[in-house]
Protein chains: 2
Amino acid sequence: MGFSLMRNQKFMPTIKHLLIISIAINAGLLLKLLHHEHEWAGLPGPDTNPKNEVRLVKDVLHKAKPATDQYINLDHGDPTMYEVYWKQMGDKTTLVLSGWQSISYFSDTKNHCWFLEPGFANAVTRLHNLVGNAQTRNYHIVVGTGSTQLFQAALYALSPSNAPEPMSIVSAAPFYSSYPLIIDCLKSGLYKWKGDASKFNKDDPYIELVTSPNNPDGSIRQAVVNGSGGILVHDLAYYWPQYTPISFQANHDIMLFTVSKCTGHAGIRIGWALVKDKEVAKKMTKFIEISSIGVSKDSQHRAAKILDVIADTYEHTEKFDKSTLFFHYVYNEMAKRWRQLRSAVSKGQTFNLLDFPVEKCNFSGQRFGTQPAFAWLKCEKSIDNCEKFLKKHKILTRSGTNFGSSEKYVRISLISHKEEYDEFIRRLSLLSSMNSPHE
Amino acid sequence: MGFSLMRNQKFMPTIKHLLIISIAINAGLLLKLLHHEHEWAGLPGPDTNPKNEVRLVKDVLHKAKPATDQYINLDHGDPTMYEVYWKQMGDKTTLVLSGWQSISYFSDTKNHCWFLEPGFANAVTRLHNLVGNAQTRNYHIVVGTGSTQLFQAALYALSPSNAPEPMSIVSAAPFYSSYPLIIDCLKSGLYKWKGDASKFNKDDPYIELVTSPNNPDGSIRQAVVNGSGGILVHDLAYYWPQYTPISFQANHDIMLFTVSKCTGHAGIRIGWALVKDKEVAKKMTKFIEISSIGVSKDSQHRAAKILDVIADTYEHTEKFDKSTLFFHYVYNEMAKRWRQLRSAVSKGQTFNLLDFPVEKCNFSGQRFGTQPAFAWLKCEKSIDNCEKFLKKHKILTRSGTNFGSSEKYVRISLISHKEEYDEFIRRLSLLSSMNSPHE
């Protein structure tokens, strides 16, 4: 059935012509609709203001594998490993914030922690209840600009304001390298860093920082001083099932957590404290009020969204692919990285790693040993300064001396981009299998 | 032309039938498309995950007028006045954040301030260039969790770490009530609050905080000590054309600004410092690194978006209604509130307000006197304790004693919701016209 429309030929539309035109219109409309659907499958399309969307394209692209002569920086614990998971989740964690949000300083005037967003508090409680790593019942939640601010808030709340001497702050070596820096930064008269808890004189009042799993070495920790005047602050940043078996529900007086090491969103700068004593929670809140007039609402909204999606992957399994179970996904990645690391180290006698006892994880039901976010690597043989040795081979790490330990040790971040990690393993394997490396 | 399809009647479609079906499909597709367009005109429609959008409906609804027997809280400078403007701007300032954003700690490893988002730095520079209130050329930008954190960063950067005595910090009374609290909070050995700058002994080294326009009294300030060992920190939170004429482009060594008082987004917790000396900027950055490992990226993205839209209302006028010029809009609102306030006070002899000299604003071209975000109200006659007097009449304010001044004065926030403000004015008018009020 031919159809042609010649110029100068008088055109009288027949029903056939109309049908064809109509079908053509249908096709056009269908194409436009498909284009719309395509947009919804991803993020807002070109009809919306492109400026409304801040996409850090550089963050989502696969990082190029570092060239052989390039430095690999594994000094910081930058959790860029997590990008792949969140990219894979597409728009499930997308957050839309309107221009008139976050005007007021106040989030919840009925809560002692008046800058705590109720949605964030709910998400925190929900996630702990799901994972079973910490009790939340009868606890007060205090939100902070990362757990770093909460740690200072705890010191402020626990140190008497009128004591003749500053309160002693201790932590068993090897301890988190930032503790001394943060504590002594302003030469506070309220508290003072006194170093390794295992060498502390028990007669004075003190605060002991118990980091478990520990940064830098991944060990599971208990208080070591056990003096009568002691107060404990538990930093549980790494007490999540991708790093260690959840063997008990923690119920310490003050427990610190951070989004950075739980979900990988370090740039959001959100941490939270679970605090038993109401007066301590109030004083911590006061510190955050004085030092930053509260905590970003936008960050709390983002954190709430992310924690809720993690819980959703377990509690609304009908909506998610099984491969998106958050802790399972990240657990597998950590397990793989630790296999690669142990295999590289076992190629020779150059390096040594701690072994971790196998325990049952009440969350996943699996039995495994801690697979920390950092490796605490020891250089053996003639290598005295491990950081210097690795730096010569273009691997940047943090020397054990920063953690109250020896320069035979370094801390190495294991949660960077895969491309960086693979190149690190390649270099470490080579060094490991060298016969007699020298500094 | 009738058309019917009877059951059991054998149907052989004719071209006519096909045409009608095709036209029906056209109509259906058109309707669906119109529905889509409708969604895009506003915010994401029902096809997207409703949880993706956090809208604080309570924030955008008009606040109910406080009942006559309800307290009105004008103690804090909560800038809820700004909600109306941003609501009116609809989705122009909407921000979409993807789940994989804000993973890394780092924003710009090439910048000394490695946690500064380049987009935020650009927006800050653009806005200052538009308004002309501060030089940005040859300045280093440091971002902070509000200007409160930056203020502490400046003290840390400017106080020598090895001096025998803590650095003296002073500010002319009446001074911002939080200065003493923040400075002495941790009993720092680096610096110490020494109170009213006008009573300070000039021989010691010191840091003078110059807040201009001043909080609480709105006065335009210069340094008062002028000692040889002095360092100045300028808090210019209110140096914006809605509050005061922009009579010169500030070029002080350290200038602090905050989104809270510029755009009204206090809950975003973002401030910035313009710093001349690179080493000072580096030390300020170090403080923020130690105290909170940087500043929320999400908040910086939001702030950048908002500052950019403000600049857009002036620089892309073709896209905006003239009534949306940000500073003009807020200037008019402040002018109206000050007219209402002065009218209420002039009804009797109970209260008194400062007068501000009229100057030309280089930004708007208008001549006007400062119209501060706070009223610094004096109670006259027999009222000795102004805060107590107003509290009895259910108006909560902050006593002059908190600002190093007398209890004859109170500071009253003028930037709350309109409904609260109107009720405040109604009550103040009544008190003002009372013949002889007593405490």
# chains A, B, ... in the order shown; residues from 1 in each chain; ligands from 1
call {"tool": "select_by_dssp", "arguments": {"residues": "region 68-268 of chain B", "states": "helix (DSSP H, G or I)", "output": "JSON, numbers by chain"}}
result
{"B": [80, 81, 82, 83, 84, 85, 86, 87, 88, 90, 91, 92, 93, 118, 119, 120, 121, 122, 123, 124, 125, 126, 127, 128, 129, 130, 131, 146, 147, 148, 149, 150, 151, 152, 153, 154, 155, 156, 157, 158, 178, 179, 180, 181, 182, 183, 184, 197, 198, 199, 259, 260, 261, 262, 266, 267, 268]}
call {"tool": "residues_around", "arguments": {"residues": "Ser98 (chain A)", "least_positions_apart": "2", "cutoff": "7 Å", "atoms": "only C-alpha atoms", "output": "PDB file with N, CA and C atoms, in the first residue's frame"}}
result
ATOM      1  N   VAL A  96      16.478  14.503  48.156  1.00  0.00           N
ATOM      2  CA  VAL A  96      16.101  15.798  47.587  1.00  0.00           C
ATOM      3  C   VAL A  96      15.886  16.768  48.746  1.00  0.00           C
ATOM      4  N   TRP A 100      13.976  25.645  51.366  1.00  0.00           N
ATOM      5  CA  TRP A 100      13.523  26.224  52.640  1.00  0.00           C
ATOM      6  C   TRP A 100      13.770  25.282  53.828  1.00  0.00           C
ATOM      7  N   GLN A 101      14.534  24.214  53.573  1.00  0.00           N
ATOM      8  CA  GLN A 101      14.891  23.339  54.690  1.00  0.00           C
ATOM      9  C   GLN A 101      16.151  23.854  55.388  1.00  0.00           C
TER      10      GLN A 101
ATOM     11  N   ARG B  55      10.851  16.574  53.193  1.00  0.00           N
ATOM     12  CA  ARG B  55      10.291  17.919  53.244  1.00  0.00           C
ATOM     13  C   ARG B  55       9.790  18.163  54.645  1.00  0.00           C
ATOM     14  N   ASP B  91      11.310  25.482  43.753  1.00  0.00           N
ATOM     15  CA  ASP B  91      12.351  24.458  43.585  1.00  0.00           C
ATOM     16  C   ASP B  91      13.649  25.015  42.998  1.00  0.00           C
ATOM     17  N   THR B  93      16.027  26.330  44.472  1.00  0.00           N
ATOM     18  CA  THR B  93      17.173  26.009  45.336  1.00  0.00           C
ATOM     19  C   THR B  93      17.139  24.547  45.780  1.00  0.00           C
ATOM     20  N   THR B  94      16.335  23.749  45.117  1.00  0.00           N
ATOM     21  CA  THR B  94      16.292  22.323  45.453  1.00  0.00           C
ATOM     22  C   THR B  94      17.616  21.673  45.090  1.00  0.00           C
ATOM     23  N   LEU B  95      18.073  20.798  45.960  1.00  0.00           N
ATOM     24  CA  LEU B  95      19.340  20.114  45.720  1.00  0.00           C
ATOM     25  C   LEU B  95      19.110  18.607  45.751  1.00  0.00           C
TER      26      LEU B  95
END
call {"tool": "residues_around", "arguments": {"residues": "region 64-79 of chain B", "least_positions_apart": "5", "cutoff": "8 Å", "atoms": "only C-alpha atoms", "output": "PyMOL selection string"}}
result
(chain A and resi 103-105) or (chain B and resi 260-261+264-266+373-374+394-398+411-417+419-420+423-424)
call {"tool": "write_last_selection", "arguments": {"atoms": "C-alpha atoms", "output": "PDB file, in the first residue's frame"}}
result
ATOM      1  CA  ILE A 103      16.555  27.339  58.286  1.00  0.00           C
ATOM      2  CA  SER A 104      16.099  26.994  62.037  1.00  0.00           C
ATOM      3  CA  TYR A 105      18.886  26.020  64.411  1.00  0.00           C
TER       4      TYR A 105
ATOM      5  CA  SER B 260      23.034  31.541  59.042  1.00  0.00           C
ATOM      6  CA  LYS B 261      22.752  35.320  59.070  1.00  0.00           C
ATOM      7  CA  GLY B 264      18.925  32.417  56.963  1.00  0.00           C
ATOM      8  CA  HIS B 265      20.002  28.764  56.738  1.00  0.00           C
ATOM      9  CA  ALA B 266      21.225  28.333  60.312  1.00  0.00           C
ATOM     10  CA  ALA B 373      18.882  41.470  63.283  1.00  0.00           C
ATOM     11  CA  PHE B 374      18.606  42.207  67.005  1.00  0.00           C
ATOM     12  CA  LYS B 394       5.646  36.390  78.236  1.00  0.00           C
ATOM     13  CA  ILE B 395       8.382  37.772  76.017  1.00  0.00           C
ATOM     14  CA  LEU B 396      11.666  35.844  76.378  1.00  0.00           C
ATOM     15  CA  THR B 397      14.768  37.912  75.635  1.00  0.00           C
ATOM     16  CA  ARG B 398      18.445  37.852  76.670  1.00  0.00           C
ATOM     17  CA  ARG B 411      18.718  41.719  73.242  1.00  0.00           C
ATOM     18  CA  ILE B 412      15.657  40.757  71.205  1.00  0.00           C
ATOM     19  CA  SER B 413      15.760  38.705  68.010  1.00  0.00           C
ATOM     20  CA  LEU B 414      13.915  40.461  65.176  1.00  0.00           C
ATOM     21  CA  ILE B 415      14.276  37.698  62.598  1.00  0.00           C
ATOM     22  CA  SER B 416      11.725  35.160  63.818  1.00  0.00           C
ATOM     23  CA  HIS B 417       8.513  34.100  62.060  1.00  0.00           C
ATOM     24  CA  GLU B 419       3.379  35.676  63.273  1.00  0.00           C
ATOM     25  CA  GLU B 420       5.602  35.700  66.347  1.00  0.00           C
ATOM     26  CA  GLU B 423       2.411  39.326  68.372  1.00  0.00           C
ATOM     27  CA  PHE B 424       5.625  40.631  69.987  1.00  0.00           C
TER      28      PHE B 424
END
call {"tool": "select_by_dssp", "arguments": {"residues": "region 104-205 of chain A", "states": "strand (DSSP E)", "output": "VMD selection string"}}
result
chain A and resid 140 to 144 167 to 171 191 to 196
call {"tool": "write_last_selection", "arguments": {"atoms": "N, CA and C atoms", "output": "tab-separated table (two decimals), in the first residue's frame"}}
result
chain	number	residue	atom	x	y	z
A	140	HIS	N	20.44	7.67	75.64
A	140	HIS	CA	20.22	8.98	75.02
A	140	HIS	C	21.14	9.08	73.82
A	141	ILE	N	20.59	9.54	72.70
A	141	ILE	CA	21.41	9.71	71.50
A	141	ILE	C	21.87	11.16	71.43
A	142	VAL	N	23.17	11.35	71.22
A	142	VAL	CA	23.70	12.68	70.94
A	142	VAL	C	24.37	12.61	69.57
A	143	VAL	N	24.02	13.54	68.70
A	143	VAL	CA	24.63	13.55	67.36
A	143	VAL	C	25.80	14.53	67.36
A	144	GLY	N	26.82	14.22	66.55
A	144	GLY	CA	27.99	15.10	66.47
A	144	GLY	C	28.53	15.21	65.06
A	167	MET	N	42.00	16.18	84.29
A	167	MET	CA	41.71	14.75	84.26
A	167	MET	C	42.69	14.04	83.32
A	168	SER	N	43.15	12.87	83.74
A	168	SER	CA	44.08	12.08	82.90
A	168	SER	C	43.29	11.26	81.88
A	169	ILE	N	43.73	11.32	80.64
A	169	ILE	CA	43.09	10.53	79.58
A	169	ILE	C	44.10	9.51	79.08
A	170	VAL	N	43.70	8.26	79.08
A	170	VAL	CA	44.63	7.20	78.66
A	170	VAL	C	43.95	6.23	77.69
A	171	SER	N	44.79	5.50	76.96
A	171	SER	CA	44.29	4.45	76.08
A	171	SER	C	45.45	3.48	75.86
A	191	TYR	N	41.41	18.44	80.97
A	191	TYR	CA	41.91	17.08	80.75
A	191	TYR	C	43.26	17.12	80.05
A	192	LYS	N	43.96	16.01	80.14
A	192	LYS	CA	45.32	15.96	79.59
A	192	LYS	C	45.62	14.53	79.16
A	193	TRP	N	46.30	14.39	78.03
A	193	TRP	CA	46.67	13.08	77.52
A	193	TRP	C	47.80	12.48	78.36
A	194	LYS	N	47.60	11.26	78.88
A	194	LYS	CA	48.63	10.63	79.69
A	194	LYS	C	49.16	9.34	79.06
A	195	GLY	N	48.80	9.10	77.80
A	195	GLY	CA	49.43	8.01	77.07
A	195	GLY	C	48.89	6.62	77.36
A	196	ASP	N	49.79	5.67	77.23
A	196	ASP	CA	49.45	4.24	77.28
A	196	ASP	C	48.76	3.86	78.60
call {"tool": "closest_residue", "arguments": {"among": "B:Val295, B:Ile220, B:Leu209, B:Ala303", "to": "Pro357 (chain B)", "atoms": "only C-alpha atoms"}}
result
B:Ile220
call {"tool": "closest_residue", "arguments": {"among": "B:Lys336, B:Arg269, B:Arg426, B:Lys378", "to": "chain A", "atoms": "only C-alpha atoms"}}
result
B:Arg269
call {"tool": "residues_around", "arguments": {"residues": "region 226-242 of chain A", "least_positions_apart": "2", "cutoff": "8 Å", "atoms": "only C-alpha atoms", "output": "ChimeraX atom specification"}}
result
/A:131,133,154,158,202-214,223-224,244-246,252-258,261-262,327-328,330-332,334,361,363-364,371-373
call {"tool": "atom_distance", "arguments": {"atom1": "CA of Ala173 (chain A)", "atom2": "CA of Thr401 (chain A)"}}
result
10.2 Å
call {"tool": "closest_residue", "arguments": {"among": "A:His393, A:Arg126, A:Lys319, A:Arg302", "to": "Ser432 (chain A)", "atoms": "only C-alpha atoms"}}
result
A:His393
call {"tool": "closest_residue", "arguments": {"among": "B:Ala163, B:Val124, B:Leu155, B:Leu186", "to": "Arg137 (chain B)", "atoms": "only C-alpha atoms"}}
result
B:Val124
call {"tool": "residues_around", "arguments": {"residues": "Ile306 (chain A)", "least_positions_apart": "5", "cutoff": "9 Å", "atoms": "only C-alpha atoms", "output": "PyMOL selection string"}}
result
(chain A and resi 92-94+123+263+301+311) or (chain B and resi 99)
